[in-house]
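Working notes, beginning with the structure itself.
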2 protein chains.
Amino acid sequence: MFIEQSRFFVIAMSKNKKPIRPKARQPRGFADRTADDIRAVEEMMAGIKAVFELYGFDPVETPLFEYTDALGKFLPDSDRPNEGVFSLQDDDEQWMSLRYDLTAPLARYVAQNINEIQLPYRTYRAGYVFRNEKPGPGRFRQFMQFDADTVGAPSVSADAEMCMMMADTMEKLGIARGDYVIRVNNRKVLDGVMEAIGIGDDEHAGTRLSVLRAIDKLDKFGPDGVKLLLQAGRWEGGNEGAGDFTKGAGLDEAQADKVLDYISGVAIEENDGVAELELIETLVRSAGYDETRIRIDPSVVRGLEYYTGPVYECELTFDVTNEKGETVQFGSVAGGGRYDGLVQRFTGQSVPATGFSIGVSRLMTALKNLGKLETRKLQAPVVVCVMDRDADSLGRYQKMVQALRDAGIRAELYQGNPKQFGKQLQYADRRGSAVAVIQGGDERAAGRVQLKDLIAGAEAAKAIESREEWVEQKPAQISVAETDLVTEVRNILARYGD
Amino acid sequence: MFIEQSRFFVIAMSKNKKPIRPKARQPRGFADRTADDIRAVEEMMAGIKAVFELYGFDPVETPLFEYTDALGKFLPDSDRPNEGVFSLQDDDEQWMSLRYDLTAPLARYVAQNINEIQLPYRTYRAGYVFRNEKPGPGRFRQFMQFDADTVGAPSVSADAEMCMMMADTMEKLGIARGDYVIRVNNRKVLDGVMEAIGIGDDEHAGTRLSVLRAIDKLDKFGPDGVKLLLQAGRWEGGNEGAGDFTKGAGLDEAQADKVLDYISGVAIEENDGVAELELIETLVRSAGYDETRIRIDPSVVRGLEYYTGPVYECELTFDVTNEKGETVQFGSVAGGGRYDGLVQRFTGQSVPATGFSIGVSRLMTALKNLGKLETRKLQAPVVVCVMDRDADSLGRYQKMVQALRDAGIRAELYQGNPKQFGKQLQYADRRGSAVAVIQGGDERAAGRVQLKDLIAGAEAAKAIESREEWVEQKPAQISVAETDLVTEVRNILARYGD
């Protein structure tokens with residue numbers, strides 16, 4: 001299966017036969033991940049998964065590509081459809097795109113398998129999503145989301161459960177009660193306000209979206225900033241001419257004030273949305289979640305137009321210092337809501353659904369800030385040094401390595417150039433190894449090995465002044481019978497825990 | 001962060017205002033994965049990871065995209081470079097491609113970070129790779145690989161270790177000794193043969209690749225088939241005119257015979273390659289791996305031209321029935337070798353490396369064949385039914401669900417339309433739930449709940465003839481105090497193990 005790729009590995013030659021060397025770098029906006037980060041994310045995701053499974057959710061996975069039309073955008077008359085997503089044309093001329101979230105592919109999956117899936121369908125998914133946007137600091141074009149959805153659930157009791165699950169997830173990850181809050185609202189309430197100010201009809205769809213986005217900025221710009229965004233617009237720096245100008249929703253002052261009254265909770269009329277919020281509140285309180293954990297809040301809107309009922313957001317409330325040196329609340333790490341129309345796009349049939357998405361990197365950053373990322377350190381491997389390079393000696397070293405591994409101890413034979421012994425010890429040190437195993441010709445003949453406790457050795461070295469003294473004392477180094485190798489190594493490792 | 005996507009969710013309207021519905025289907029050659037498959041692969045990958053970590057390997061991850069030039073192919077004068085890979089042009093005109101394996105990105109990563117990485121660098125990676133090829137049965141365009149590599153390791157003792165690690169991985173996954181074998185060869189030996197028959201020079205690079213591919217088909221077509229491929233070529237069906245014709249390497253009969261002598265082990269001349277193989281054999285035997293587990297075999301070539309020394313392949317030797325109904329050995333599930341030139345492509349510096357790749361789906365298929373996939377079944381959730389829909393009743397159901405979860409029991413409130421009670425029990429049944437929790441108005445007033453043992457109930461149902469009898473007997477259903485809910489549910493679950 002690898003055959004067809006071989007042509008890629010010929011080194012390119014320019015005309016004068018000097019090799020052309022490609023530059024080694026990642027594409028803009030894409031990042032590599034190192035061992036510590038990978039292990040920390042794995043541990044965090046295992047915690048999230050445990051909570052989701054306790055709530056009766058099961059995993060499902062869709063491919064990274066979807067047909068562009070299934071993602072919900074229409075092909076413009078252009079060679080590059082879908083600014084914002086990565087798209088390419090298949091050899092049968094169909095456009096495919098890399099998924100930009102995990103909700104649209106789930107809707108496609110449910111629509112495709114609607115006759116086989118047992119509804120209500122509780123499901124979770126973690127995976128990479130892609131945005132074809134300008135990268136910036138902390139703004140990547142490939143990032144991971146972790147989603148949970150219940151599909152085929154008409155009652156807001158499913159939304160209530162999502163809120164409780166978000167709260168439980170935060171606590172499972174070690175975020176203390178009081179450091180997070182789930183804020184809940186209902187689009188139907190806001191829809192009532194929109195109708196009341198005369199922008200409820202089809203012609204005002206764009207205005208409504210601008211209103212949503214304006215309200216979504218309450219945390220960032222305060223009521224005054226939101227008011228500007230609801231009317232003519234707002235300058236980035238706050239004052240006229242400062243930075244970029246964001247065009248507003250175009251409401252007049254009376255309309256804007258009504259919206260502001262609503263988000264500050266001053267004026268809420270009774271409607272279906274309010275009744276739904278009251279039911280959510282009853283359900284979560286019955287289950288033991290007080291308002292420090294789950295709270296009704298009219299300022300939550302979520303910027304997506306497809307939500308049709310309750311919307312909810314998980315916010316971390318502890319303080320952090322932002323890039324400008326200001327103290328601010330950490331903010332949102334997850335959010336979602338009810339979307340009753342997404343599956344219907346495909347089937348015509350209404351399939352009510354609700355769910356949320358966790359931004360994995362952002363949540364990781366939060367845990368780092370809270371010092372909750374002390375992951376169980378994996379013990380660095382024991383290094384067996386290479387003193388002699390004949391086949392018999394190498395075979396004997398290899399046997400020791402394998403004996404350690406058979407006993408469940410991480411171990412490795414030094415695989416670099418063995419000429420300089422000092423480099424081998426330096427390697428073991430940098431690796432964080434606790435023990436180096438050394439066997440020269442004399443020891444081999446006598447059936448013995450030297451074990452060097454590298455951690456104690458580094459300590460002892462501080463007190464030793466000369467090389468002679470060092471060679472004579474050989475601090476933290478013991479000679480043991482080769483047959484006792486595993487036992488003696490285990491004794492040293494036991495000093496350093498795990 | 002979701003704001004900019006909202007435009008995707010407007011339902012398209014054609015001119016006569018009838019909605020255009022996209023078809024719900026995956027792109028050609030891409031597949032969805034369901035819960036059982038996801039859990040089985042996770043369990044398998046955890047086993048592989050455990051072995052790799054025991055050997056001192058640490059994870060690293062690269063993004064799914066690389067710049068096309070970093071992958072090693074050159075841009076033709078075409079809008080679609082790189083047949084075989086998925087490529088697209090970034091807005092700064094640079095071509096990016098989805099990775100088609102995990103080796104080329106690792107070479108880029110090491111070259112980019114050569115000053116920070118502690119060599120020898122032992123590392124593993126699992127992830128999706130993409131091939132822009134014609135999909136077919138069992139042939140996907142997105143699939144998972146699991147790789148291990150040691151970079152900066154000049155000695156073949158690193159290759160020997162790879163072979164042992166492959167063997168240990170198979171045993172960790174439950175594949176019995178005797179059901180797998182690691183076969184090892186060395187490209188340098190074959191290179192000697194190529195030189196001896198006069199195709200060792202630059203002009204014959206294409207011929208050499210054809211020879212490699214021909215030898216790689218020994219398992220499939222036998223020595224006679226390989227001989228045809230070494231000379232003029234071979235018809236798919238074996239006889240002239242049967243199926244497609246594969247052009248051969250163009251050797252004459254004497255040349256072809258020399259190659260065949262070599263792969264059958266008849267004629268091997270002493271050279272560096274042979275000495276390296278002897279050292280590998282000494283090392284693995286010293287470490288306790290006999291020739292039923294790791295075996296030198298001159299017919300292993302691996303179809304990739306970039307290998308520069310030892311090549312190795314993990315083959316499963318038990319019989320399976322292929323799509324034609326023939327009994328055949330299962331065959332290769334992993335393979336790799338030494339590639340000393342890949343990092344050099346970027347840096348000009350030689351960085352010797354060796355590693356292998358496991359085909360995750362193929363290995364999964366093997367484990368299924370061996371019946372080694374009895375994964376620990378996750379207990380299906382307890383379902384709390386919805387009998388009354390007023391807020392107080394719903395709150396009380398929710399409280400029960402949460403009490404079960406707090407006790408570590410998977411549980412869910414029925415979130416479908418609760419009007420038909422029968423549908424709720426049907427749902428619980430199909431879900432595989434062991435217990436349904438039922439509380440109507442009378443029970444609520446008395447502080448009691450009904451627990452229905454769905455598994456015993458299904459058994460009992462077989463013996464009951466009429467609906468009347470059923471209603472009267474309520475088989476496998478007990479009434480318990482609501483305060484004893486958790487204890488009593490746990491008692492029922494204990495009957496069905498975990």
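Convention: chains lettered A, B, ... in structure tokens order; per-chain residue numbering from 1; ligands numbered from 1 as shown.
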Point to revise | Shell of 9 Å around Tyr496 (chain B), only C-alpha atoms, local chain residues under 3 positions omitted, as a PyMOL selection string | key: chain B and resi 434+455+492-493
Could you write out the selected residues, including N, CA and C atoms, as a compact mmCIF listing (two decimals), in the first residue's frame?
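Okay, again_5.txt is ready:
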```
# COMPACT_ATOMS: atom_id res chain seq x y z
N ALA B 434 -30.57 -2.57 31.19
CA ALA B 434 -30.97 -3.66 32.07
C ALA B 434 -32.15 -3.26 32.95
N ILE B 455 -34.05 -7.44 31.23
CA ILE B 455 -33.47 -8.66 30.69
C ILE B 455 -34.27 -9.88 31.16
N ILE B 492 -29.90 -5.10 40.79
CA ILE B 492 -30.30 -5.70 39.50
C ILE B 492 -29.11 -5.73 38.55
N LEU B 493 -28.37 -4.62 38.46
CA LEU B 493 -27.23 -4.56 37.54
C LEU B 493 -26.19 -5.63 37.87
```
Practice item. Pick out the residues sitting within 12 Å of Gly178 (chain B), and hand them over as a PyMOL selection string; count only C-alpha atoms, and ignore anything fewer than 3 positions along from it in its own chain. Key: chain B and resi 167+170-171+174-175+181-182+290-294+315-318
Practice item. Select from region 154-329 of chain B everything DSSP, run on the backbone, classes as strand (DSSP E), then give the selection as a count of residues only. Key: 31
Practice item. Write out as a PyMOL selection string all residues of region 287-382 of chain A that DSSP puts in helix (DSSP H, G or I) for this structure's backbone. Key: chain A and resi 344-347+360-369
Take the residues just selected and output them with N, CA and C atoms as a PDB file, in the first residue's frame.
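Contents of the output file result_31.pdb:
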```pdb
ATOM      1  N   GLN A 344     -33.559  18.663   9.361  1.00  0.00           N
ATOM      2  CA  GLN A 344     -34.646  18.984   8.433  1.00  0.00           C
ATOM      3  C   GLN A 344     -34.129  19.496   7.089  1.00  0.00           C
ATOM      4  N   ARG A 345     -33.000  20.196   7.100  1.00  0.00           N
ATOM      5  CA  ARG A 345     -32.375  20.665   5.855  1.00  0.00           C
ATOM      6  C   ARG A 345     -32.271  19.542   4.832  1.00  0.00           C
ATOM      7  N   PHE A 346     -31.992  18.308   5.324  1.00  0.00           N
ATOM      8  CA  PHE A 346     -31.799  17.177   4.421  1.00  0.00           C
ATOM      9  C   PHE A 346     -33.101  16.441   4.133  1.00  0.00           C
ATOM     10  N   THR A 347     -33.868  16.212   5.203  1.00  0.00           N
ATOM     11  CA  THR A 347     -34.973  15.256   5.093  1.00  0.00           C
ATOM     12  C   THR A 347     -36.333  15.917   4.934  1.00  0.00           C
ATOM     13  N   VAL A 360     -11.442  22.601  22.922  1.00  0.00           N
ATOM     14  CA  VAL A 360     -10.481  21.807  23.707  1.00  0.00           C
ATOM     15  C   VAL A 360      -9.238  22.617  24.094  1.00  0.00           C
ATOM     16  N   SER A 361      -8.647  23.369  23.143  1.00  0.00           N
ATOM     17  CA  SER A 361      -7.425  24.124  23.472  1.00  0.00           C
ATOM     18  C   SER A 361      -7.720  25.200  24.499  1.00  0.00           C
ATOM     19  N   ARG A 362      -8.865  25.847  24.333  1.00  0.00           N
ATOM     20  CA  ARG A 362      -9.200  26.926  25.251  1.00  0.00           C
ATOM     21  C   ARG A 362      -9.394  26.375  26.668  1.00  0.00           C
ATOM     22  N   LEU A 363     -10.050  25.232  26.768  1.00  0.00           N
ATOM     23  CA  LEU A 363     -10.247  24.618  28.077  1.00  0.00           C
ATOM     24  C   LEU A 363      -8.905  24.187  28.673  1.00  0.00           C
ATOM     25  N   MET A 364      -8.005  23.700  27.829  1.00  0.00           N
ATOM     26  CA  MET A 364      -6.658  23.343  28.298  1.00  0.00           C
ATOM     27  C   MET A 364      -5.949  24.553  28.890  1.00  0.00           C
ATOM     28  N   THR A 365      -6.051  25.691  28.176  1.00  0.00           N
ATOM     29  CA  THR A 365      -5.432  26.919  28.671  1.00  0.00           C
ATOM     30  C   THR A 365      -5.989  27.270  30.044  1.00  0.00           C
ATOM     31  N   ALA A 366      -7.302  27.107  30.190  1.00  0.00           N
ATOM     32  CA  ALA A 366      -7.936  27.407  31.480  1.00  0.00           C
ATOM     33  C   ALA A 366      -7.381  26.499  32.570  1.00  0.00           C
ATOM     34  N   LEU A 367      -7.253  25.218  32.276  1.00  0.00           N
ATOM     35  CA  LEU A 367      -6.750  24.284  33.287  1.00  0.00           C
ATOM     36  C   LEU A 367      -5.301  24.614  33.654  1.00  0.00           C
ATOM     37  N   LYS A 368      -4.529  25.014  32.645  1.00  0.00           N
ATOM     38  CA  LYS A 368      -3.144  25.428  32.941  1.00  0.00           C
ATOM     39  C   LYS A 368      -3.149  26.615  33.896  1.00  0.00           C
ATOM     40  N   ASN A 369      -4.017  27.610  33.613  1.00  0.00           N
ATOM     41  CA  ASN A 369      -4.130  28.776  34.475  1.00  0.00           C
ATOM     42  C   ASN A 369      -4.478  28.402  35.905  1.00  0.00           C
TER      43      ASN A 369
END
```
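Using only C-alpha atoms, the smallest distance between any of A:Gly127, A:Pro475, A:Gly335, A:Gly138 and Ala456 (chain A) comes from A:Pro475.
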Practice item. Pick out the residues sitting within 10 Å of Asp252 (chain B), and hand them over as a PyMOL selection string; count only C-alpha atoms, and ignore anything fewer than 5 positions along from it in its own chain. Key: chain B and resi 197+230-232+257
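Across the model, the gap from CA of Asn491 (chain B) to CA of Tyr289 (chain A) is 27.7 Å.
From CA of Lys220 (chain B) back to CA of Leu251 (chain B), the distance works out to 20.3 Å.
Nearest residue to chain A among B:Glu93, B:Glu240, B:Glu116, B:Glu412 is B:Glu412, counting only C-alpha atoms.
Among the candidates B:Lys172, B:Thr246, B:Val383, B:Val435, the residue lying nearest to Glu43 (chain B) is B:Lys172 (atoms considered: only C-alpha atoms).
Minimum atom-to-atom distance to chain B, evaluated using only C-alpha atoms, belongs to A:Asp390 out of A:Asp297, A:Asp390, A:Glu326, A:Asp147.
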**Study point:** Close residues, Asp484 (chain B) itself excluded, 12 Å, only C-alpha atoms, min 6 positions apart in chain, as a PyMOL selection string
**Key:** chain B and resi 400+403-404+447-451+490-491
Include N, CA, C and O atoms and write out the residues we just selected as a compact mmCIF listing (two decimals), in the first residue's frame.
```txt
# COMPACT_ATOMS: atom_id res chain seq x y z
N MET B 400 -33.81 11.62 40.28
CA MET B 400 -33.46 10.19 40.33
C MET B 400 -32.29 9.90 39.39
O MET B 400 -31.35 9.19 39.74
N ALA B 403 -29.16 11.09 40.90
CA ALA B 403 -28.72 10.27 42.02
C ALA B 403 -28.00 9.02 41.51
O ALA B 403 -26.96 8.61 42.05
N LEU B 404 -28.54 8.42 40.44
CA LEU B 404 -27.88 7.24 39.86
C LEU B 404 -26.49 7.62 39.33
O LEU B 404 -25.50 6.93 39.57
N GLY B 447 -43.97 7.79 47.65
CA GLY B 447 -42.50 7.77 47.76
C GLY B 447 -41.89 6.45 47.30
O GLY B 447 -40.90 5.99 47.85
N ARG B 448 -42.53 5.85 46.28
CA ARG B 448 -42.02 4.58 45.78
C ARG B 448 -41.72 4.65 44.28
O ARG B 448 -42.19 5.56 43.59
N VAL B 449 -40.94 3.69 43.76
CA VAL B 449 -40.71 3.57 42.32
C VAL B 449 -40.80 2.10 41.91
O VAL B 449 -40.56 1.21 42.73
N GLN B 450 -41.18 1.89 40.65
CA GLN B 450 -41.15 0.55 40.07
C GLN B 450 -39.83 0.37 39.33
O GLN B 450 -39.45 1.24 38.54
N LEU B 451 -39.17 -0.75 39.57
CA LEU B 451 -37.97 -1.08 38.78
C LEU B 451 -38.27 -2.27 37.90
O LEU B 451 -38.72 -3.31 38.39
N ARG B 490 -28.62 -1.06 41.69
CA ARG B 490 -27.31 -1.72 41.71
C ARG B 490 -27.46 -3.24 41.87
O ARG B 490 -26.73 -4.01 41.26
N ASN B 491 -28.42 -3.66 42.69
CA ASN B 491 -28.66 -5.10 42.87
C ASN B 491 -29.03 -5.77 41.55
O ASN B 491 -28.55 -6.85 41.23
```
Point to revise | For CA of Arg122 (chain B) and CA of Ala148 (chain B), the interatomic separation in Å (one decimal) | key: 7.6 Å
Practice item. Using only C-alpha atoms, determine which residues lie at most 8 Å from Asn417 (chain A), disregarding the query and same-chain residues fewer than 5 positions distant; provide the list as JSON, numbers by chain. Key: {"B": [153, 154, 155]}
Resulting file, chosen residues, N, CA and C atoms, as an mmCIF file, in the first residue's frame:
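The new file again_31.cif reads:
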```
data_model
loop_
_atom_site.group_PDB
_atom_site.id
_atom_site.type_symbol
_atom_site.label_atom_id
_atom_site.label_comp_id
_atom_site.auth_asym_id
_atom_site.auth_seq_id
_atom_site.Cartn_x
_atom_site.Cartn_y
_atom_site.Cartn_z
ATOM 1 N N ALA B 153 19.701 7.363 14.976
ATOM 2 C CA ALA B 153 20.162 6.062 15.471
ATOM 3 C C ALA B 153 20.913 5.349 14.361
ATOM 4 N N PRO B 154 22.247 5.442 14.338
ATOM 5 C CA PRO B 154 22.996 4.893 13.203
ATOM 6 C C PRO B 154 23.117 3.370 13.187
ATOM 7 N N SER B 155 23.017 2.724 14.352
ATOM 8 C CA SER B 155 23.293 1.280 14.389
ATOM 9 C C SER B 155 22.053 0.449 14.081
#
```
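Proximity ranking of A:Met166, A:Leu370, A:Ala411, A:Val486 relative to chain B places A:Ala411 first, based on only C-alpha atoms.
Using only C-alpha atoms, the shortest contact distance between chain B and any of A:Val189, A:Val274, A:Ala428, A:Ile409 is found at A:Ile409.
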Check your understanding: Neighbours of Met164 (chain B) within 12 Å (only C-alpha atoms; same-chain residues fewer than 5 positions away dropped), as a ChimeraX atom specification?
Key -> /A:398-399,401-402,405 /B:51-52,55,157-159,169-171,181-184,280-281,283-291,293-295,312-314,356
